[in-house]
$ cat work_30.txt   # compact mmCIF, C-alpha atoms and all ligand atoms
# COMPACT_ATOMS: atom_id res chain seq x y z
CA MET C 1 0.00 0.00 0.00
CA SER C 2 1.12 3.51 -0.79
CA ASN C 3 1.54 5.00 2.68
CA LYS C 4 4.65 7.10 2.36
CA GLN C 5 5.55 9.62 5.01
CA ASN C 6 6.58 13.06 3.90
CA SER C 7 8.77 15.20 6.10
CA PRO C 8 6.73 17.90 7.86
CA SER C 9 8.84 20.60 6.21
CA ALA C 10 7.85 19.37 2.74
CA SER C 11 4.29 20.60 3.16
CA PRO C 12 2.18 22.41 5.76
CA SER C 13 1.09 20.80 8.99
CA HIS C 14 -2.44 22.16 8.67
CA LEU C 15 -4.70 22.51 5.70
CA SER C 16 -7.89 24.53 5.72
CA ILE C 17 -10.19 24.06 2.71
CA ILE C 18 -13.76 24.76 1.72
CA ARG C 19 -15.93 21.86 2.91
CA PRO C 20 -15.82 19.09 0.29
CA ASP C 21 -18.65 17.18 -1.37
CA ASP C 22 -18.71 13.52 -2.34
CA TRP C 23 -20.00 13.18 -5.90
CA HIS C 24 -20.26 9.35 -5.79
CA LEU C 25 -21.34 7.59 -2.61
CA HIS C 26 -23.06 4.34 -1.57
CA VAL C 27 -24.82 4.43 1.80
CA ARG C 28 -26.95 1.23 1.44
CA ASP C 29 -30.17 1.03 3.49
CA ASN C 30 -31.65 0.06 6.88
CA GLU C 31 -29.12 -0.49 9.70
CA GLY C 32 -26.11 -0.27 7.37
CA LEU C 33 -27.26 3.17 6.27
CA LYS C 34 -27.52 4.38 9.85
CA ALA C 35 -23.97 3.21 10.49
CA VAL C 36 -22.26 4.87 7.49
CA VAL C 37 -24.16 8.12 6.78
CA PRO C 38 -22.73 9.98 9.82
CA PHE C 39 -19.17 9.58 8.49
CA THR C 40 -19.96 11.47 5.29
CA ALA C 41 -22.28 13.95 7.02
CA LYS C 42 -19.37 14.95 9.25
CA GLN C 43 -16.98 15.69 6.37
CA CYS C 44 -19.07 16.69 3.38
CA GLY C 45 -21.69 19.32 2.65
CA ARG C 46 -23.38 17.16 0.04
CA ALA C 47 -23.11 13.74 -1.56
CA ILE C 48 -24.49 12.18 -4.71
CA ILE C 49 -26.26 9.06 -3.43
CA MET C 50 -26.04 6.01 -5.67
CA PRO C 51 -29.37 4.25 -6.34
CA ASN C 52 -28.20 0.60 -6.53
CA LEU C 53 -30.28 -0.76 -3.68
CA THR C 54 -32.33 -3.94 -3.90
CA PRO C 55 -34.80 -3.08 -5.30
CA PRO C 56 -33.14 -0.17 -7.12
CA VAL C 57 -34.28 3.43 -6.72
CA THR C 58 -36.00 3.90 -10.09
CA THR C 59 -38.62 6.53 -9.27
CA THR C 60 -38.69 9.98 -7.72
CA ASP C 61 -41.13 8.71 -5.07
CA GLN C 62 -38.67 6.01 -3.99
CA ALA C 63 -35.83 8.55 -3.96
CA ARG C 64 -37.84 10.84 -1.68
CA VAL C 65 -38.32 8.06 0.89
CA TYR C 66 -34.62 7.12 0.62
CA GLN C 67 -33.54 10.74 1.05
CA GLN C 68 -35.58 11.06 4.25
CA ALA C 69 -33.94 7.93 5.69
CA ILE C 70 -30.50 9.44 4.98
CA LEU C 71 -31.46 12.79 6.55
CA ASP C 72 -32.74 10.93 9.63
CA ALA C 73 -29.45 9.03 9.88
CA ALA C 74 -27.44 12.26 9.59
CA GLY C 75 -29.34 13.72 12.53
CA LYS C 76 -31.22 16.96 13.16
CA GLN C 77 -28.06 18.96 13.88
CA SER C 78 -26.52 18.11 10.54
CA SER C 79 -26.73 20.34 7.47
CA PHE C 80 -25.64 17.47 5.19
CA GLN C 81 -27.60 17.34 1.92
CA PRO C 82 -28.07 14.00 0.16
CA LEU C 83 -28.41 14.62 -3.60
CA MET C 84 -30.51 11.84 -5.03
CA THR C 85 -30.18 9.86 -8.26
CA LEU C 86 -32.44 7.56 -10.25
CA TYR C 87 -31.38 4.11 -11.47
CA LEU C 88 -31.83 3.95 -15.25
CA THR C 89 -33.47 0.81 -16.64
CA ASP C 90 -34.42 -0.27 -20.17
CA SER C 91 -37.92 0.99 -19.42
CA THR C 92 -37.44 4.24 -17.47
CA PRO C 93 -40.12 6.46 -19.05
CA ALA C 94 -39.17 9.91 -20.35
CA GLN C 95 -42.05 11.15 -18.17
CA GLU C 96 -40.13 10.04 -15.05
CA ILE C 97 -37.40 12.52 -16.00
CA GLN C 98 -39.94 15.33 -16.05
CA THR C 99 -41.27 14.22 -12.68
CA ALA C 100 -37.71 14.07 -11.34
CA MET C 101 -36.91 17.60 -12.53
CA GLU C 102 -40.15 19.03 -11.15
CA SER C 103 -39.48 17.43 -7.75
CA GLY C 104 -36.24 19.37 -7.31
CA ILE C 105 -34.70 16.45 -5.36
CA ILE C 106 -33.12 14.46 -8.20
CA SER C 107 -29.64 15.58 -9.27
CA ALA C 108 -28.79 12.90 -11.84
CA VAL C 109 -29.63 9.55 -13.42
CA LYS C 110 -27.26 6.58 -13.08
CA LEU C 111 -26.46 4.18 -15.91
CA TYR C 112 -25.32 0.71 -14.87
CA PRO C 113 -24.71 -1.61 -17.81
CA ALA C 114 -26.64 -4.76 -16.75
CA GLY C 115 -24.31 -7.11 -14.86
CA ALA C 116 -21.39 -4.66 -14.59
CA THR C 117 -21.25 -4.27 -10.81
CA THR C 118 -23.03 -4.64 -7.44
CA ASN C 119 -26.84 -4.66 -7.84
CA SER C 120 -26.74 -3.89 -11.55
CA ASP C 121 -28.95 -6.76 -12.72
CA ALA C 122 -31.83 -4.35 -13.35
CA GLY C 123 -29.50 -2.08 -15.32
CA VAL C 124 -29.48 -1.23 -19.01
CA THR C 125 -29.14 -4.10 -21.50
CA ASP C 126 -29.07 -1.89 -24.60
CA ILE C 127 -28.61 1.87 -24.38
CA ARG C 128 -30.73 2.39 -27.50
CA LYS C 129 -33.74 1.37 -25.42
CA CYS C 130 -33.15 4.52 -23.34
CA TYR C 131 -32.85 7.05 -26.14
CA GLN C 132 -36.17 8.85 -25.52
CA THR C 133 -35.32 9.13 -21.84
CA LEU C 134 -31.81 10.41 -22.61
CA GLU C 135 -33.33 12.90 -25.06
CA MET C 136 -35.44 14.27 -22.21
CA MET C 137 -32.44 14.43 -19.86
CA GLN C 138 -30.47 16.33 -22.47
CA LYS C 139 -33.37 18.73 -22.99
CA LEU C 140 -33.93 19.36 -19.26
CA GLY C 141 -30.24 19.37 -18.29
CA LEU C 142 -30.28 16.34 -15.97
CA PRO C 143 -26.81 14.71 -15.90
CA LEU C 144 -26.15 11.06 -16.74
CA LEU C 145 -23.70 9.29 -14.43
CA VAL C 146 -22.03 6.30 -16.00
CA HIS C 147 -20.46 3.12 -14.66
CA GLY C 148 -18.17 2.83 -17.67
CA GLU C 149 -17.40 -0.83 -18.20
CA VAL C 150 -18.59 -3.29 -20.85
CA THR C 151 -19.80 -6.62 -19.56
CA SER C 152 -19.16 -9.16 -22.36
CA HIS C 153 -17.46 -12.29 -21.09
CA ASP C 154 -14.92 -12.17 -23.89
CA ILE C 155 -13.54 -8.79 -22.75
CA ASP C 156 -10.72 -8.98 -20.21
CA ILE C 157 -11.67 -7.32 -16.92
CA PHE C 158 -8.69 -4.95 -17.12
CA ASP C 159 -9.83 -3.74 -20.58
CA ARG C 160 -13.49 -3.19 -19.80
CA GLU C 161 -13.27 0.56 -19.19
CA LYS C 162 -11.30 1.25 -22.38
CA GLN C 163 -13.72 -0.93 -24.36
CA PHE C 164 -16.65 1.00 -22.89
CA ILE C 165 -15.19 4.24 -24.25
CA ASP C 166 -14.68 2.75 -27.71
CA GLN C 167 -17.88 0.72 -27.99
CA ARG C 168 -20.40 2.82 -26.05
CA LEU C 169 -19.38 6.22 -24.76
CA GLU C 170 -18.10 7.76 -27.98
CA SER C 171 -21.34 7.04 -29.84
CA LEU C 172 -23.50 8.06 -26.87
CA ILE C 173 -21.80 11.44 -26.70
CA LYS C 174 -22.08 11.85 -30.46
CA ASP C 175 -25.82 11.13 -30.33
CA PHE C 176 -26.39 13.43 -27.33
CA PRO C 177 -23.82 16.22 -27.71
CA GLU C 178 -25.43 18.46 -25.08
CA LEU C 179 -26.04 15.76 -22.45
CA LYS C 180 -24.08 16.29 -19.24
CA VAL C 181 -22.16 13.09 -18.52
CA VAL C 182 -20.02 12.10 -15.54
CA PHE C 183 -17.72 9.19 -16.28
CA GLU C 184 -17.72 7.73 -12.75
CA HIS C 185 -14.74 6.36 -10.86
CA ILE C 186 -12.32 6.41 -13.79
CA THR C 187 -9.38 4.03 -13.48
CA THR C 188 -7.32 4.35 -16.66
CA ALA C 189 -5.16 6.83 -18.55
CA ASP C 190 -7.51 6.17 -21.48
CA ALA C 191 -10.51 7.44 -19.52
CA ALA C 192 -8.64 10.48 -18.19
CA ASN C 193 -7.50 11.41 -21.71
CA PHE C 194 -10.95 10.83 -23.13
CA VAL C 195 -12.46 13.25 -20.60
CA ILE C 196 -9.74 15.85 -21.19
CA GLU C 197 -10.36 15.75 -24.94
CA SER C 198 -14.17 15.78 -24.74
CA SER C 199 -16.47 18.80 -24.64
CA PRO C 200 -16.99 20.73 -21.35
CA ASN C 201 -20.18 18.78 -20.55
CA ILE C 202 -18.15 15.58 -19.97
CA ALA C 203 -16.51 15.22 -16.54
CA ALA C 204 -15.22 12.44 -14.26
CA THR C 205 -15.00 11.44 -10.63
CA ILE C 206 -11.83 9.83 -9.28
CA THR C 207 -11.75 7.78 -6.06
CA ALA C 208 -9.08 8.10 -3.37
CA HIS C 209 -8.29 4.40 -3.61
CA HIS C 210 -7.54 4.58 -7.33
CA LEU C 211 -5.17 7.50 -6.62
CA LEU C 212 -3.41 5.58 -3.83
CA MET C 213 -3.22 1.99 -5.06
CA ASN C 214 -2.51 -0.17 -8.06
CA ARG C 215 -3.36 -3.80 -8.78
CA ASN C 216 -0.30 -5.07 -6.92
CA ASP C 217 -1.99 -3.82 -3.75
CA MET C 218 -4.78 -6.30 -4.44
CA LEU C 219 -2.80 -9.30 -5.65
CA VAL C 220 0.82 -9.34 -4.46
CA GLY C 221 1.64 -11.27 -1.29
CA GLY C 222 -1.82 -12.81 -1.05
CA ILE C 223 -5.22 -11.78 -2.39
CA LYS C 224 -6.71 -8.79 -0.56
CA PRO C 225 -10.51 -8.91 -0.77
CA HIS C 226 -10.82 -5.45 0.80
CA HIS C 227 -8.85 -3.99 -2.10
CA TYR C 228 -11.23 -5.48 -4.64
CA CYS C 229 -13.59 -2.99 -6.23
CA LEU C 230 -15.02 -2.23 -9.63
CA PRO C 231 -13.66 -1.00 -11.87
CA VAL C 232 -10.79 -3.12 -10.58
CA LEU C 233 -7.47 -1.47 -9.62
CA LYS C 234 -5.19 -1.08 -12.64
CA ARG C 235 -1.44 -1.00 -13.26
CA GLU C 236 0.82 1.78 -11.96
CA THR C 237 0.93 3.76 -15.23
CA HIS C 238 -2.82 4.24 -14.96
CA ARG C 239 -2.66 5.26 -11.29
CA LYS C 240 -0.07 7.88 -12.23
CA ALA C 241 -2.30 9.22 -15.01
CA LEU C 242 -5.20 9.55 -12.58
CA VAL C 243 -3.04 11.47 -10.09
CA LYS C 244 -1.89 13.75 -12.88
CA ALA C 245 -5.50 14.45 -13.90
CA ALA C 246 -6.67 15.02 -10.30
CA ILE C 247 -3.92 17.52 -9.50
CA SER C 248 -3.93 19.19 -12.92
CA GLY C 249 -6.37 21.93 -11.99
CA ASN C 250 -8.64 20.84 -14.86
CA ASN C 251 -12.16 21.47 -13.58
CA LYS C 252 -13.53 18.32 -15.26
CA PHE C 253 -12.14 16.13 -12.46
CA PHE C 254 -13.65 15.98 -8.99
CA MET C 255 -13.92 13.94 -5.83
CA GLY C 256 -16.21 10.92 -5.77
CA THR C 257 -15.19 8.38 -3.16
CA ASP C 258 -17.28 5.44 -4.40
CA SER C 259 -17.20 4.41 -0.75
CA ALA C 260 -19.06 1.09 -1.09
CA PRO C 261 -19.44 -0.71 2.23
CA HIS C 262 -20.11 -4.44 2.29
CA SER C 263 -20.24 -6.59 5.42
CA LYS C 264 -17.04 -8.46 6.34
CA HIS C 265 -18.92 -11.68 5.71
CA ASN C 266 -19.71 -10.64 2.11
CA LYS C 267 -16.11 -9.56 1.38
CA GLU C 268 -14.15 -12.38 3.01
CA THR C 269 -15.69 -15.27 1.12
CA ALA C 270 -15.15 -17.47 -1.93
CA CYS C 271 -17.02 -15.00 -4.16
CA GLY C 272 -16.57 -11.63 -2.50
CA CYS C 273 -18.43 -8.40 -3.28
CA ALA C 274 -16.73 -5.48 -5.03
CA GLY C 275 -16.31 -2.24 -3.11
CA MET C 276 -14.08 -0.47 -0.60
CA PHE C 277 -15.26 1.42 2.46
CA THR C 278 -13.49 4.80 2.58
CA ALA C 279 -16.12 7.30 3.78
CA PHE C 280 -14.81 7.19 7.37
CA ALA C 281 -11.67 9.05 6.19
CA ALA C 282 -12.52 10.25 2.71
CA ILE C 283 -10.89 13.67 2.70
CA GLU C 284 -7.91 12.39 4.71
CA LEU C 285 -7.19 9.72 2.09
CA TYR C 286 -7.41 12.27 -0.73
CA ALA C 287 -5.14 14.61 1.27
CA GLU C 288 -2.60 11.82 1.49
CA ALA C 289 -2.72 11.21 -2.27
CA PHE C 290 -2.34 14.91 -3.09
CA ASP C 291 0.42 15.27 -0.49
CA GLU C 292 2.37 12.36 -1.99
CA ALA C 293 2.11 14.11 -5.35
CA GLY C 294 3.33 17.39 -3.81
CA ALA C 295 0.04 19.03 -4.75
CA LEU C 296 -1.83 19.78 -1.51
CA ASP C 297 -2.56 23.23 -2.91
CA LYS C 298 -4.73 21.57 -5.60
CA LEU C 299 -6.87 19.53 -3.19
CA GLU C 300 -9.53 22.16 -2.54
CA GLN C 301 -10.28 22.68 -6.20
CA PHE C 302 -10.73 18.94 -6.72
CA SER C 303 -12.67 18.22 -3.51
CA SER C 304 -14.75 21.35 -3.08
CA LEU C 305 -14.97 23.51 -6.22
CA ASN C 306 -15.01 21.47 -9.45
CA GLY C 307 -18.00 19.29 -8.50
CA PRO C 308 -20.39 22.14 -7.66
CA LEU C 309 -19.25 23.95 -10.80
CA PHE C 310 -20.21 20.99 -12.99
CA TYR C 311 -23.56 20.44 -11.23
CA GLY C 312 -24.39 24.17 -11.36
CA LEU C 313 -24.32 24.65 -7.58
CA ASP C 314 -22.48 27.00 -5.26
CA ALA C 315 -19.49 25.73 -3.34
CA ASN C 316 -20.11 25.09 0.37
CA SER C 317 -19.86 28.22 2.50
CA ASP C 318 -17.89 26.80 5.43
CA LYS C 319 -14.44 25.25 5.80
CA ILE C 320 -12.80 22.17 7.29
CA THR C 321 -9.30 21.83 8.70
CA LEU C 322 -6.99 18.86 8.34
CA ARG C 323 -3.88 18.29 10.44
CA ARG C 324 -0.83 16.25 9.50
CA GLU C 325 -1.10 13.59 12.17
CA GLU C 326 -0.62 9.86 11.91
CA TRP C 327 -3.54 7.89 13.34
CA THR C 328 -4.43 4.22 13.31
CA VAL C 329 -7.57 3.12 11.52
CA PRO C 330 -9.84 0.81 13.58
CA ASP C 331 -9.90 -2.86 12.60
CA SER C 332 -13.61 -2.60 11.82
CA TYR C 333 -16.72 -0.48 12.19
CA GLN C 334 -20.18 -1.73 13.13
CA PHE C 335 -22.36 -2.28 10.06
CA GLY C 336 -25.86 -3.53 10.84
CA ASP C 337 -25.52 -6.91 12.53
CA ASP C 338 -22.04 -7.44 11.03
CA VAL C 339 -18.97 -5.20 10.69
CA VAL C 340 -17.40 -3.43 7.71
CA ILE C 341 -13.62 -3.48 7.26
CA PRO C 342 -12.39 0.03 6.41
CA LEU C 343 -9.58 0.73 3.95
CA ARG C 344 -6.25 0.71 5.88
CA ALA C 345 -7.78 -1.26 8.78
CA GLY C 346 -5.18 -1.48 11.55
CA GLN C 347 -2.80 0.71 9.53
CA THR C 348 -2.16 4.42 9.56
CA ILE C 349 -3.35 7.50 7.70
CA ASN C 350 -1.18 10.63 7.71
CA TRP C 351 -3.91 13.30 7.82
CA LYS C 352 -6.74 13.86 10.28
CA LEU C 353 -9.84 15.99 10.11
CA VAL C 354 -9.60 18.20 13.19
CA SER C 355 -12.29 20.79 12.81
CA GLU C 356 -15.37 21.24 10.79
CA SER C 357 -15.52 24.99 10.55
C1 LIG U 401 -20.13 -0.54 -5.87
C2 LIG U 401 -21.11 -1.12 -4.85
O1 LIG U 401 -20.71 -1.99 -4.07
O2 LIG U 401 -22.27 -0.69 -4.82
N1 LIG U 401 -18.96 -1.37 -5.91
C3 LIG U 401 -17.73 -1.03 -6.38
O3 LIG U 401 -16.85 -1.90 -6.39
N2 LIG U 401 -17.45 0.17 -6.81
C4 LIG U 401 -20.81 -0.42 -7.19
C5 LIG U 401 -20.11 0.48 -8.18
O4 LIG U 401 -19.90 1.66 -7.92
O5 LIG U 401 -19.77 0.01 -9.28
ZN ZN U 402 -19.73 1.74 -10.46
ZN ZN U 403 -20.10 3.24 -6.95
$ encode --input "work_30.txt" --output "structure tokens" --more "lines below"
Ligand code: NCD
Ligand code: ZN
Ligand code: ZN
Amino acid sequence: MSNKQNSPSASPSHLSIIRPDDWHLHVRDNEGLKAVVPFTAKQCGRAIIMPNLTPPVTTTDQARVYQQAILDAAGKQSSFQPLMTLYLTDSTPAQEIQTAMESGIISAVKLYPAGATTNSDAGVTDIRKCYQTLEMMQKLGLPLLVHGEVTSHDIDIFDREKQFIDQRLESLIKDFPELKVVFEHITTADAANFVIESSPNIAATITAHHLLMNRNDMLVGGIKPHHYCLPVLKRETHRKALVKAAISGNNKFFMGTDSAPHSKHNKETACGCAGMFTAFAAIELYAEAFDEAGALDKLEQFSSLNGPLFYGLDANSDKITLRREEWTVPDSYQFGDDVVIPLRAGQTINWKLVSES
């Protein structure tokens, strides 16, 4: 794992930045939700909430109920705002997009290619089936968030993101040139370059774990189920390209943790679930990645300014402060009637959130 220590003189000991937002977050439901929401509510002003529950959140009415559960879990004192999304299916009616826009609570629609990732079975089997719905999203300015991987068995898992660009994304963008698209959790140099070269309405989120780790961290010295996520970690050249994009100052790239908690039982098994739990220390992990790259001065733009700019919102009005301080991550956190193993469990993180204003 990339957990280098920089000398205190190499960068400041404190960092005060505008409160960040998480533009890609899984909070699950029921007791799991109650356990994880407070972590994000403490750090972030807002978060884009992924709709891949069972059953998926496909309607505005379902999203309203889900949003209330998240607000309840955050607590009355919290000003955290969950920004809701709808799960796109082959049969999402264009009318649902109008309903979503009128409600004022839906910030985006999420495209999961069927079978690509956790709870994606109800996802899209053929994007052409969604063209009327996408037409309406383009017209009304509702962004499409994309899990960008093809699912064919004959495509190697490490090539699935690149193939998605070539086989799906290029034509989608050509057919809907004004549609706002976020290429979620990008993991390759190909994706970063594609976003850089596309029009201003195409952006991307980058996770902390893809900035900090490569596929060796999952496979060398024994298989690490808690480092397995989708899209899967890639080789070092890709990690470097992601860091370069994140620290570049290009406003198309912003923070999206893809914190995706699964119970220990569902990770440490013969067929383990994909997803890493990072929300407990989201901004600290990003701070570490930016610090390692000598670019702490670029963190605020990535974590707190570029996302709101893309979504047409104001940046948060308050600040948070981080201190350079090594602390040990707990071995686990309670998660419903099981536990969730956090990234870096039992190991250290070099930055700590010390104040929230
Ligand atoms: C996510 C999950 O568990 O919901 N898993 C993951 O590995 N990223 C789904 C997703 O974002 O693809
Ligand atoms: Zn995904
Ligand atoms: Zn995700």
$ closest_residue --input "work_30.txt" --among "C:Thr133, C:Ser198, C:Gln68, C:Thr321" --to "C:Lys252" --atoms "all atoms listed in the file"
C:Ser198
$ residues_around --input "work_30.txt" --residues "stretch 53-57 of chain C" --least-positions-apart "5" --cutoff "9 Å" --atoms "all atoms listed in the file" --output "JSON, numbers by chain"
{"C": [28, 29, 62, 63, 66, 85, 86, 87, 88, 119, 120, 122]}
$ residues_around --input "work_30.txt" --residues "stretch 275-289 of chain C" --least-positions-apart "5" --cutoff "9 Å" --atoms "all atoms listed in the file" --output "PyMOL selection string"
chain C and resi 2-4+20+22+25+36-40+43-44+118+207-209+211-212+226-230+243+255+257-262+267+294-296+299+303+322+329+340-344+349-353
$ atom_distance --input "work_30.txt" --atom1 "atom O2 of ligand LIG 401 (chain U)" --atom2 "atom CA of C:Arg235"
22.5 Å
$ residues_near_ligand --input "work_30.txt" --ligand "ligand ZN 402 (chain U)" --cutoff "7 Å" --atoms "all atoms listed in the file" --output "PyMOL selection string"
chain C and resi 117+147+184-185+230-231
$ residues_around --input "work_30.txt" --residues "C:Gln81" --least-positions-apart "3" --cutoff "10 Å" --atoms "all atoms listed in the file" --output "list of chain:residue names"
C:Asp21, C:Ala41, C:Cys44, C:Gly45, C:Arg46, C:Ala47, C:Ile48, C:Ile49, C:Gln67, C:Ile70, C:Leu71, C:Ala74, C:Ser78, C:Met84
$ residues_around --input "work_30.txt" --residues "stretch 165-182 of chain C" --least-positions-apart "3" --cutoff "6 Å" --atoms "only C-alpha atoms" --output "list of chain:residue names"
C:Gln138, C:Pro143, C:Leu144, C:Leu145, C:Lys162, C:Asn201, C:Ile202, C:Ala203, C:Ala204
$ residues_near_point --input "work_30.txt" --point "(-9.3, 19.9, -11.6)" --cutoff "10 Å" --atoms "only C-alpha atoms" --output "tab-separated table (two decimals) with C-alpha atoms, in the frame of the given file"
chain	number	residue	atom	x	y	z
C	203	ALA	CA	-16.51	15.22	-16.54
C	204	ALA	CA	-15.22	12.44	-14.26
C	244	LYS	CA	-1.89	13.75	-12.88
C	245	ALA	CA	-5.50	14.45	-13.90
C	246	ALA	CA	-6.67	15.02	-10.30
C	247	ILE	CA	-3.92	17.52	-9.50
C	248	SER	CA	-3.93	19.19	-12.92
C	249	GLY	CA	-6.37	21.93	-11.99
C	250	ASN	CA	-8.64	20.84	-14.86
C	251	ASN	CA	-12.16	21.47	-13.58
C	252	LYS	CA	-13.53	18.32	-15.26
C	253	PHE	CA	-12.14	16.13	-12.46
C	254	PHE	CA	-13.65	15.98	-8.99
C	255	MET	CA	-13.92	13.94	-5.83
C	298	LYS	CA	-4.73	21.57	-5.60
C	299	LEU	CA	-6.87	19.53	-3.19
C	300	GLU	CA	-9.53	22.16	-2.54
C	301	GLN	CA	-10.28	22.68	-6.20
C	302	PHE	CA	-10.73	18.94	-6.72
C	303	SER	CA	-12.67	18.22	-3.51
C	305	LEU	CA	-14.97	23.51	-6.22
C	306	ASN	CA	-15.01	21.47	-9.45
C	307	GLY	CA	-18.00	19.29	-8.50
$ closest_residue --input "work_30.txt" --among "C:Lys129, C:Arg215, C:Lys319, C:His24" --to "C:Lys110" --atoms "all atoms listed in the file"
C:His24
$ residues_around --input "work_30.txt" --residues "C:Gln132" --least-positions-apart "5" --cutoff "12 Å" --atoms "all atoms listed in the file" --output "compact mmCIF listing (two decimals) with C-alpha atoms, in the coordinates of the input"
# COMPACT_ATOMS: atom_id res chain seq x y z
CA ASP C 90 -34.42 -0.27 -20.17
CA SER C 91 -37.92 0.99 -19.42
CA THR C 92 -37.44 4.24 -17.47
CA PRO C 93 -40.12 6.46 -19.05
CA ALA C 94 -39.17 9.91 -20.35
CA GLN C 95 -42.05 11.15 -18.17
CA GLU C 96 -40.13 10.04 -15.05
CA ILE C 97 -37.40 12.52 -16.00
CA ILE C 127 -28.61 1.87 -24.38
CA MET C 137 -32.44 14.43 -19.86
CA GLN C 138 -30.47 16.33 -22.47
CA LYS C 139 -33.37 18.73 -22.99
CA ASP C 175 -25.82 11.13 -30.33
CA PHE C 176 -26.39 13.43 -27.33
$ closest_residue --input "work_30.txt" --among "C:Thr187, C:Thr58, C:Gln163, C:Ser317" --to "ligand LIG 401 (chain U)" --atoms "only C-alpha atoms and all ligand atoms"
C:Thr187
$ atom_distance --input "work_30.txt" --atom1 "atom CA of C:Thr60" --atom2 "atom CA of C:Leu309"
24.1 Å
